[in-house]
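**Q** Pasting query.cif here (mmCIF, C-alpha atoms):
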```cif
data_final
loop_
_atom_site.group_PDB
_atom_site.id
_atom_site.type_symbol
_atom_site.label_atom_id
_atom_site.label_comp_id
_atom_site.auth_asym_id
_atom_site.auth_seq_id
_atom_site.Cartn_x
_atom_site.Cartn_y
_atom_site.Cartn_z
ATOM 1 C CA MET R 1082 0.000 0.000 0.000
ATOM 2 C CA ALA R 1083 1.358 3.419 -0.981
ATOM 3 C CA PRO R 1084 2.159 5.893 1.807
ATOM 4 C CA LEU R 1085 -0.646 8.331 2.532
ATOM 5 C CA ILE R 1086 1.829 11.156 3.069
ATOM 6 C CA ARG R 1087 3.828 11.886 -0.082
ATOM 7 C CA THR R 1088 7.440 12.833 0.538
ATOM 8 C CA LYS R 1089 9.784 14.908 -1.589
ATOM 9 C CA PHE R 1090 13.482 14.468 -0.903
ATOM 10 C CA CYS R 1091 15.191 17.558 -2.285
ATOM 11 C CA GLY R 1092 18.788 18.453 -3.006
ATOM 12 C CA LEU R 1093 19.937 15.040 -4.209
ATOM 13 C CA SER R 1094 23.413 15.057 -5.706
ATOM 14 C CA ARG R 1095 24.658 11.445 -5.663
ATOM 15 C CA PRO R 1096 23.378 8.197 -7.196
ATOM 16 C CA GLU R 1097 23.177 6.625 -3.747
ATOM 17 C CA ASP R 1098 20.884 9.466 -2.645
ATOM 18 C CA VAL R 1099 18.467 8.612 -5.446
ATOM 19 C CA THR R 1100 18.528 4.958 -4.424
ATOM 20 C CA ALA R 1101 17.934 5.853 -0.772
ATOM 21 C CA ALA R 1102 15.041 8.142 -1.694
ATOM 22 C CA ALA R 1103 13.424 5.411 -3.755
ATOM 23 C CA ASN R 1104 13.907 2.879 -0.967
ATOM 24 C CA ALA R 1105 12.273 5.302 1.469
ATOM 25 C CA GLY R 1106 9.187 5.510 -0.732
ATOM 26 C CA ALA R 1107 9.727 8.971 -2.214
ATOM 27 C CA ALA R 1108 6.966 10.449 -4.340
ATOM 28 C CA TYR R 1109 9.308 13.167 -5.639
ATOM 29 C CA VAL R 1110 13.048 13.796 -5.859
ATOM 30 C CA GLY R 1111 14.452 17.284 -6.271
ATOM 31 C CA PHE R 1112 17.568 18.528 -8.049
ATOM 32 C CA VAL R 1113 18.802 22.002 -7.157
ATOM 33 C CA PHE R 1114 20.000 24.354 -9.892
ATOM 34 C CA PHE R 1115 21.194 27.292 -7.804
ATOM 35 C CA PRO R 1116 24.944 27.957 -7.672
ATOM 36 C CA LYS R 1117 24.896 29.390 -4.139
ATOM 37 C CA SER R 1118 23.422 26.184 -2.729
ATOM 38 C CA PRO R 1119 25.713 23.471 -1.331
ATOM 39 C CA ARG R 1120 23.274 21.068 -2.995
ATOM 40 C CA ASN R 1121 23.682 22.600 -6.451
ATOM 41 C CA VAL R 1122 24.161 20.184 -9.341
ATOM 42 C CA SER R 1123 25.228 20.852 -12.895
ATOM 43 C CA ILE R 1124 22.925 20.074 -15.777
ATOM 44 C CA GLU R 1125 25.178 17.132 -16.657
ATOM 45 C CA GLN R 1126 25.028 15.763 -13.109
ATOM 46 C CA ALA R 1127 21.258 16.125 -12.965
ATOM 47 C CA ALA R 1128 20.793 14.429 -16.317
ATOM 48 C CA ALA R 1129 22.843 11.450 -15.153
ATOM 49 C CA LEU R 1130 20.943 11.244 -11.856
ATOM 50 C CA ALA R 1131 17.515 11.651 -13.453
ATOM 51 C CA VAL R 1132 17.834 8.556 -15.610
ATOM 52 C CA THR R 1133 18.395 6.460 -12.464
ATOM 53 C CA VAL R 1134 15.136 7.574 -10.840
ATOM 54 C CA PRO R 1135 12.608 4.720 -10.823
ATOM 55 C CA VAL R 1136 9.415 5.097 -12.819
ATOM 56 C CA GLY R 1137 6.649 6.583 -10.714
ATOM 57 C CA ILE R 1138 8.838 9.038 -8.794
ATOM 58 C CA ALA R 1139 8.486 12.621 -10.037
ATOM 59 C CA LYS R 1140 11.726 14.385 -10.969
ATOM 60 C CA VAL R 1141 11.671 18.044 -9.936
ATOM 61 C CA ALA R 1142 14.065 20.831 -10.915
ATOM 62 C CA LEU R 1143 14.402 23.567 -8.282
ATOM 63 C CA VAL R 1144 15.369 26.914 -9.794
ATOM 64 C CA VAL R 1145 15.615 30.425 -8.384
ATOM 65 C CA ASN R 1146 14.586 33.347 -10.597
ATOM 66 C CA ALA R 1147 15.811 31.420 -13.631
ATOM 67 C CA SER R 1148 15.776 33.017 -17.070
ATOM 68 C CA ASP R 1149 14.189 31.377 -20.095
ATOM 69 C CA ALA R 1150 17.666 30.553 -21.383
ATOM 70 C CA GLU R 1151 18.591 28.794 -18.149
ATOM 71 C CA LEU R 1152 15.328 26.873 -18.086
ATOM 72 C CA ASP R 1153 15.677 25.980 -21.764
ATOM 73 C CA ALA R 1154 19.069 24.385 -21.079
ATOM 74 C CA ILE R 1155 17.790 22.417 -18.085
ATOM 75 C CA VAL R 1156 14.589 21.171 -19.695
ATOM 76 C CA GLU R 1157 16.348 20.193 -22.910
ATOM 77 C CA ALA R 1158 18.946 18.042 -21.149
ATOM 78 C CA VAL R 1159 17.204 16.643 -18.069
ATOM 79 C CA PRO R 1160 14.108 14.403 -18.242
ATOM 80 C CA LEU R 1161 11.851 16.220 -15.766
ATOM 81 C CA ASP R 1162 8.311 15.906 -14.490
ATOM 82 C CA MET R 1163 7.987 19.262 -12.726
ATOM 83 C CA LEU R 1164 9.602 22.673 -12.301
ATOM 84 C CA GLN R 1165 9.863 24.214 -8.834
ATOM 85 C CA LEU R 1166 10.163 28.005 -8.791
ATOM 86 C CA HIS R 1167 11.818 28.920 -5.513
ATOM 87 C CA GLY R 1168 12.659 32.576 -6.011
ATOM 88 C CA ALA R 1169 10.726 35.827 -6.234
ATOM 89 C CA GLU R 1170 8.881 34.801 -9.388
ATOM 90 C CA SER R 1171 5.611 36.676 -9.899
ATOM 91 C CA VAL R 1172 2.236 35.076 -10.504
ATOM 92 C CA GLU R 1173 2.575 36.092 -14.147
ATOM 93 C CA ARG R 1174 6.014 34.474 -14.370
ATOM 94 C CA VAL R 1175 4.547 31.223 -13.049
ATOM 95 C CA ARG R 1176 1.985 31.329 -15.839
ATOM 96 C CA GLU R 1177 4.689 32.074 -18.420
ATOM 97 C CA VAL R 1178 6.807 29.106 -17.322
ATOM 98 C CA ARG R 1179 3.838 26.725 -17.377
ATOM 99 C CA ALA R 1180 2.904 27.834 -20.873
ATOM 100 C CA ARG R 1181 6.455 27.759 -22.249
ATOM 101 C CA TYR R 1182 7.484 24.300 -21.067
ATOM 102 C CA GLY R 1183 4.242 22.374 -20.721
ATOM 103 C CA LEU R 1184 5.385 21.001 -17.375
ATOM 104 C CA PRO R 1185 3.579 21.273 -14.045
ATOM 105 C CA VAL R 1186 4.949 24.120 -11.942
ATOM 106 C CA MET R 1187 5.287 24.124 -8.169
ATOM 107 C CA LYS R 1188 5.686 27.589 -6.653
ATOM 108 C CA ALA R 1189 7.480 27.947 -3.334
ATOM 109 C CA VAL R 1190 6.089 30.654 -1.070
ATOM 110 C CA GLY R 1191 7.914 31.723 2.074
ATOM 111 C CA VAL R 1192 5.885 32.252 5.246
ATOM 112 C CA ALA R 1193 7.036 34.041 8.388
ATOM 113 C CA ASP R 1194 3.819 35.625 9.681
ATOM 114 C CA ALA R 1195 0.145 36.061 8.847
ATOM 115 C CA ASP R 1196 0.899 38.769 6.280
ATOM 116 C CA ASP R 1197 2.569 36.163 4.058
ATOM 117 C CA VAL R 1198 -0.386 33.789 3.879
ATOM 118 C CA PRO R 1199 -2.526 35.672 1.295
ATOM 119 C CA ALA R 1200 0.202 35.200 -1.322
ATOM 120 C CA LEU R 1201 -0.623 31.497 -1.255
ATOM 121 C CA ASP R 1202 -4.103 32.230 -2.558
ATOM 122 C CA ALA R 1203 -2.697 34.274 -5.432
ATOM 123 C CA TYR R 1204 -0.117 31.710 -6.502
ATOM 124 C CA ALA R 1205 -2.668 28.901 -6.220
ATOM 125 C CA MET R 1206 -4.463 30.491 -9.172
ATOM 126 C CA ALA R 1207 -1.396 30.090 -11.387
ATOM 127 C CA ALA R 1208 0.659 27.131 -10.149
ATOM 128 C CA ASP R 1209 -0.094 23.423 -10.269
ATOM 129 C CA GLN R 1210 1.157 22.968 -6.719
ATOM 130 C CA LEU R 1211 2.268 25.136 -3.805
ATOM 131 C CA LEU R 1212 5.292 24.552 -1.613
ATOM 132 C CA ILE R 1213 4.840 26.369 1.685
ATOM 133 C CA ASP R 1214 8.284 27.055 3.124
ATOM 134 C CA ALA R 1215 9.760 29.099 5.930
ATOM 135 C CA LYS R 1216 10.682 32.557 4.716
ATOM 136 C CA PRO R 1217 14.483 32.868 4.800
ATOM 137 C CA PRO R 1218 16.097 35.404 7.128
ATOM 138 C CA LYS R 1219 16.950 38.776 5.645
ATOM 139 C CA ASN R 1220 20.250 38.698 3.745
ATOM 140 C CA ALA R 1221 20.193 34.881 3.637
ATOM 141 C CA ASP R 1222 22.108 33.353 0.729
ATOM 142 C CA LEU R 1223 19.562 30.588 0.228
ATOM 143 C CA PRO R 1224 15.814 30.925 -0.408
ATOM 144 C CA GLY R 1225 15.283 27.495 1.141
ATOM 145 C CA GLY R 1226 17.197 24.613 2.666
ATOM 146 C CA ASN R 1227 18.062 26.679 5.712
ATOM 147 C CA GLY R 1228 16.685 24.191 8.222
ATOM 148 C CA LEU R 1229 14.163 26.729 9.517
ATOM 149 C CA SER R 1230 10.489 26.186 10.213
ATOM 150 C CA PHE R 1231 7.641 28.654 10.667
ATOM 151 C CA ASP R 1232 4.609 28.762 12.937
ATOM 152 C CA TRP R 1233 2.527 25.977 11.434
ATOM 153 C CA ARG R 1234 -0.596 27.340 13.128
ATOM 154 C CA LEU R 1235 -0.643 30.015 10.417
ATOM 155 C CA ILE R 1236 -1.849 27.474 7.854
ATOM 156 C CA ALA R 1237 -3.611 24.954 10.102
ATOM 157 C CA GLY R 1238 -6.945 23.963 8.624
ATOM 158 C CA LYS R 1239 -6.434 25.959 5.433
ATOM 159 C CA SER R 1240 -6.768 24.567 1.928
ATOM 160 C CA TRP R 1241 -6.166 25.713 -1.619
ATOM 161 C CA PRO R 1242 -7.534 24.646 -5.001
ATOM 162 C CA VAL R 1243 -4.241 22.905 -5.860
ATOM 163 C CA PRO R 1244 -2.157 20.335 -3.968
ATOM 164 C CA TRP R 1245 0.327 21.778 -1.509
ATOM 165 C CA MET R 1246 3.472 20.645 0.221
ATOM 166 C CA LEU R 1247 4.947 21.695 3.571
ATOM 167 C CA ALA R 1248 8.658 22.491 3.831
ATOM 168 C CA GLY R 1249 11.049 24.195 6.192
ATOM 169 C CA GLY R 1250 12.951 22.701 9.098
ATOM 170 C CA LEU R 1251 11.354 19.282 8.831
ATOM 171 C CA THR R 1252 13.135 16.276 10.370
ATOM 172 C CA PRO R 1253 12.233 12.726 11.378
ATOM 173 C CA ASP R 1254 11.600 14.124 14.861
ATOM 174 C CA ASN R 1255 8.932 16.659 13.891
ATOM 175 C CA ALA R 1256 7.403 15.239 10.699
ATOM 176 C CA ALA R 1257 4.491 13.588 12.519
ATOM 177 C CA GLU R 1258 3.735 16.789 14.444
ATOM 178 C CA ALA R 1259 3.849 18.799 11.213
ATOM 179 C CA VAL R 1260 1.298 16.523 9.575
ATOM 180 C CA ALA R 1261 -0.966 16.506 12.631
ATOM 181 C CA MET R 1262 -0.875 20.289 13.066
ATOM 182 C CA THR R 1263 -1.211 21.435 9.445
ATOM 183 C CA GLY R 1264 -3.103 18.631 7.739
ATOM 184 C CA ALA R 1265 -0.336 18.433 5.125
ATOM 185 C CA ARG R 1266 -0.424 15.384 2.906
ATOM 186 C CA GLN R 1267 2.895 16.170 1.256
ATOM 187 C CA LEU R 1268 6.202 17.008 2.934
ATOM 188 C CA ASP R 1269 9.456 18.321 1.475
ATOM 189 C CA VAL R 1270 12.745 17.699 3.249
ATOM 190 C CA SER R 1271 16.360 18.487 2.437
ATOM 191 C CA SER R 1272 18.719 19.431 5.268
ATOM 192 C CA GLY R 1273 16.689 17.434 7.797
ATOM 193 C CA VAL R 1274 17.838 14.103 6.334
ATOM 194 C CA GLU R 1275 21.530 14.885 5.822
ATOM 195 C CA ALA R 1276 24.608 13.346 7.404
ATOM 196 C CA SER R 1277 26.496 16.522 6.485
ATOM 197 C CA VAL R 1278 25.635 19.528 4.341
ATOM 198 C CA GLY R 1279 24.541 18.280 0.939
ATOM 199 C CA VAL R 1280 25.066 14.596 1.775
ATOM 200 C CA LYS R 1281 21.889 12.618 2.357
ATOM 201 C CA ASP R 1282 21.580 9.849 4.956
ATOM 202 C CA GLY R 1283 19.531 6.866 3.807
ATOM 203 C CA GLU R 1284 18.516 5.847 7.337
ATOM 204 C CA LEU R 1285 17.273 9.351 8.093
ATOM 205 C CA MET R 1286 15.315 9.407 4.841
ATOM 206 C CA THR R 1287 13.563 6.170 5.731
ATOM 207 C CA ALA R 1288 12.940 7.381 9.274
ATOM 208 C CA PHE R 1289 11.444 10.614 7.934
ATOM 209 C CA ALA R 1290 8.983 8.843 5.648
ATOM 210 C CA LYS R 1291 7.914 6.487 8.442
ATOM 211 C CA ALA R 1292 7.494 9.359 10.887
ATOM 212 C CA ALA R 1293 5.437 11.362 8.404
ATOM 213 C CA ASN R 1294 3.026 8.507 7.947
ATOM 214 C CA GLY R 1295 2.769 8.043 11.683
ATOM 215 C CA GLY R 1296 1.388 11.555 11.987
ATOM 216 C CA ILE R 1297 -1.828 11.050 10.049
ATOM 217 C CA SER R 1298 -4.857 12.259 11.963
#
```
As a first step, turn the structure in this file into structure tokens.
**A**
Amino acid sequence: MAPLIRTKFCGLSRPEDVTAAANAGAAYVGFVFFPKSPRNVSIEQAAALAVTVPVGIAKVALVVNASDAELDAIVEAVPLDMLQLHGAESVERVREVRARYGLPVMKAVGVADADDVPALDAYAMAADQLLIDAKPPKNADLPGGNGLSFDWRLIAGKSWPVPWMLAGGLTPDNAAEAVAMTGARQLDVSSGVEASVGVKDGELMTAFAKAANGGIS
């Protein structure tokens, strides 16, 4: 029986990470195309990793304010199932990317307080999925993957017309609580399942997926 909570393991950079994600029951795997990230992969690396992903697991490219030229190069070389826009892309830009590439688009939206929540409604009208992440600190180098969470009560009981995924500071220790508090049915994790920065730990990945599915209300 398939897990009820779908997990996305993001920032994979090694073949063994892909294998571990698959063994843990991943619904999605994410490849980061952002040079400032310690999890950044080249197009060549991502292409080689993508062909090892088992059928049925969605391959997601995470980009940050990428130009059409950058997206063209990625999409042409890497067999993808989804694009994740993790920068300051506007609602209109989300629509442009969907139309240009014919791929589902997930838009990441950072949340720190109640003032950030209405943006989710706006992006839900343009994106195929939402990724609700902790807003990075001011002057942070990374838009995500900072190991920070936000006050989950801000989105408790809320819903949108598209599927959504919770991210930000998730670990095997708090995944069940996150599911119970927010009602999330999809979780995204990166730094919370690493042995060291950018290096995934297969045991932690399995533990995370099990914990997430133990938190179903």
**Q** Evaluate the PyMOL selection byres ((chain R and resi 1273) around 9) against this structure - the residues, as a PyMOL selection string, please.
**A** chain R and resi 1226+1228+1249-1253+1270-1272+1274-1276+1281+1285-1286+1289
**Q** Write a file of the selected residues as an mmCIF file, keeping the file's coordinate frame, keeping C-alpha atoms.
**A**
```cif
data_model
loop_
_atom_site.group_PDB
_atom_site.id
_atom_site.type_symbol
_atom_site.label_atom_id
_atom_site.label_comp_id
_atom_site.auth_asym_id
_atom_site.auth_seq_id
_atom_site.Cartn_x
_atom_site.Cartn_y
_atom_site.Cartn_z
ATOM 1 C CA GLY R 1226 17.197 24.613 2.666
ATOM 2 C CA GLY R 1228 16.685 24.191 8.222
ATOM 3 C CA GLY R 1249 11.049 24.195 6.192
ATOM 4 C CA GLY R 1250 12.951 22.701 9.098
ATOM 5 C CA LEU R 1251 11.354 19.282 8.831
ATOM 6 C CA THR R 1252 13.135 16.276 10.370
ATOM 7 C CA PRO R 1253 12.233 12.726 11.378
ATOM 8 C CA VAL R 1270 12.745 17.699 3.249
ATOM 9 C CA SER R 1271 16.360 18.487 2.437
ATOM 10 C CA SER R 1272 18.719 19.431 5.268
ATOM 11 C CA VAL R 1274 17.838 14.103 6.334
ATOM 12 C CA GLU R 1275 21.530 14.885 5.822
ATOM 13 C CA ALA R 1276 24.608 13.346 7.404
ATOM 14 C CA LYS R 1281 21.889 12.618 2.357
ATOM 15 C CA LEU R 1285 17.273 9.351 8.093
ATOM 16 C CA MET R 1286 15.315 9.407 4.841
ATOM 17 C CA PHE R 1289 11.444 10.614 7.934
#
```
**Q** Name the residues that the PyMOL selection byres ((chain R and resi 1122) around 12) pulls out of this structure, and write them as a PyMOL selection string.
**A** chain R and resi 1091-1095+1111-1121+1123-1131+1142-1144+1155+1159+1279
**Q** What is the atom CA of Glu1258 of chain R-atom CA of Ala1107 of chain R distance in Å, reported with one decimal?
**A**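 Atom-to-atom, atom CA of Glu1258 of chain R and atom CA of Ala1107 of chain R are spaced 19.4 Å apart.
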**Q** Determine the residue membership of the PyMOL selection byres ((chain R and resi 1175) around 8) for the file above and supply it as an MDAnalysis selection string.
**A** chainID R and resid 1166 1170:1174 1176:1179 1186 1188 1207:1208
**Q** Smallest atom-to-atom distance to Ala1203 of chain R: which of R:Val1134, R:Val1190, R:Ala1215, R:Ala1103, using all atoms listed in the file?
**A**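 Comparing R:Val1134, R:Val1190, R:Ala1215, R:Ala1103 against Ala1203 of chain R, the winner is R:Val1190.
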**Q** Could you tell me which of R:Ser1230, R:Gln1210, R:Thr1100, R:Thr1263 comes closest to Val1243 of chain R if we count only C-alpha atoms?
**A**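 The answer is R:Gln1210, which sits nearest to Val1243 of chain R.
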**Q** For Asp1194 of chain R, which residue among R:Ala1293, R:Ala1259, R:Leu1235, R:Ala1150 is the nearest when counting only C-alpha atoms?
**A**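 Selected residue with least distance to Asp1194 of chain R: R:Leu1235.
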**Q** One number please: atom CA of Met1206 of chain R to atom CA of Ala1180 of chain R, in Å, one decimal.
**A**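 Calculated distance between atom CA of Met1206 of chain R and atom CA of Ala1180 of chain R is 14.1 Å.
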**Q** One decimal, Å: what's the distance from atom CA of Leu1212 of chain R over to atom CA of Asp1149 of chain R, could you say?
**A**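 Pair atom CA of Leu1212 of chain R / atom CA of Asp1149 of chain R returns 21.6 Å.
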**Q** Within 12 Å of Ala1290 of chain R, counting all atoms listed in the file, which residues show up once you throw out same-chain ones fewer than 6 positions away? Write them as a PyMOL selection string, please.
**A** chain R and resi 1083-1090+1101-1108+1251-1257+1260+1266-1270+1273-1274+1283-1284+1296-1297
**Q** Give the answer as one residue: which of R:Pro1199, R:Pro1217, R:Gly1295, R:Pro1096 has the shortest atom-to-atom distance to Ser1240 of chain R, using only C-alpha atoms?
**A**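 Looking at the shortest contact to Ser1240 of chain R, the residue is R:Pro1199.
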**Q** Tell me which of R:Ala1265, R:Val1132, R:Ala1139, R:Ala1292 sits closest to Ala1158 of chain R, counting all atoms listed in the file.
**A**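 Among R:Ala1265, R:Val1132, R:Ala1139, R:Ala1292, it is R:Val1132 that comes nearest to Ala1158 of chain R.
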**Q** Compile the contact shell of Ala1205 of chain R as an MDAnalysis selection string: residues with an atom at most 7 Å away, counting all atoms listed in the file, same-chain residues fewer than 6 positions apart removed.
**A** chainID R and resid 1211 1241:1243
**Q** Which one of R:Lys1216, R:Val1136, R:Glu1097, R:Thr1287 sits closest to Ala1169 of chain R if you count all atoms listed in the file?
**A**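 For Ala1169 of chain R, the nearest of the candidates is R:Lys1216.
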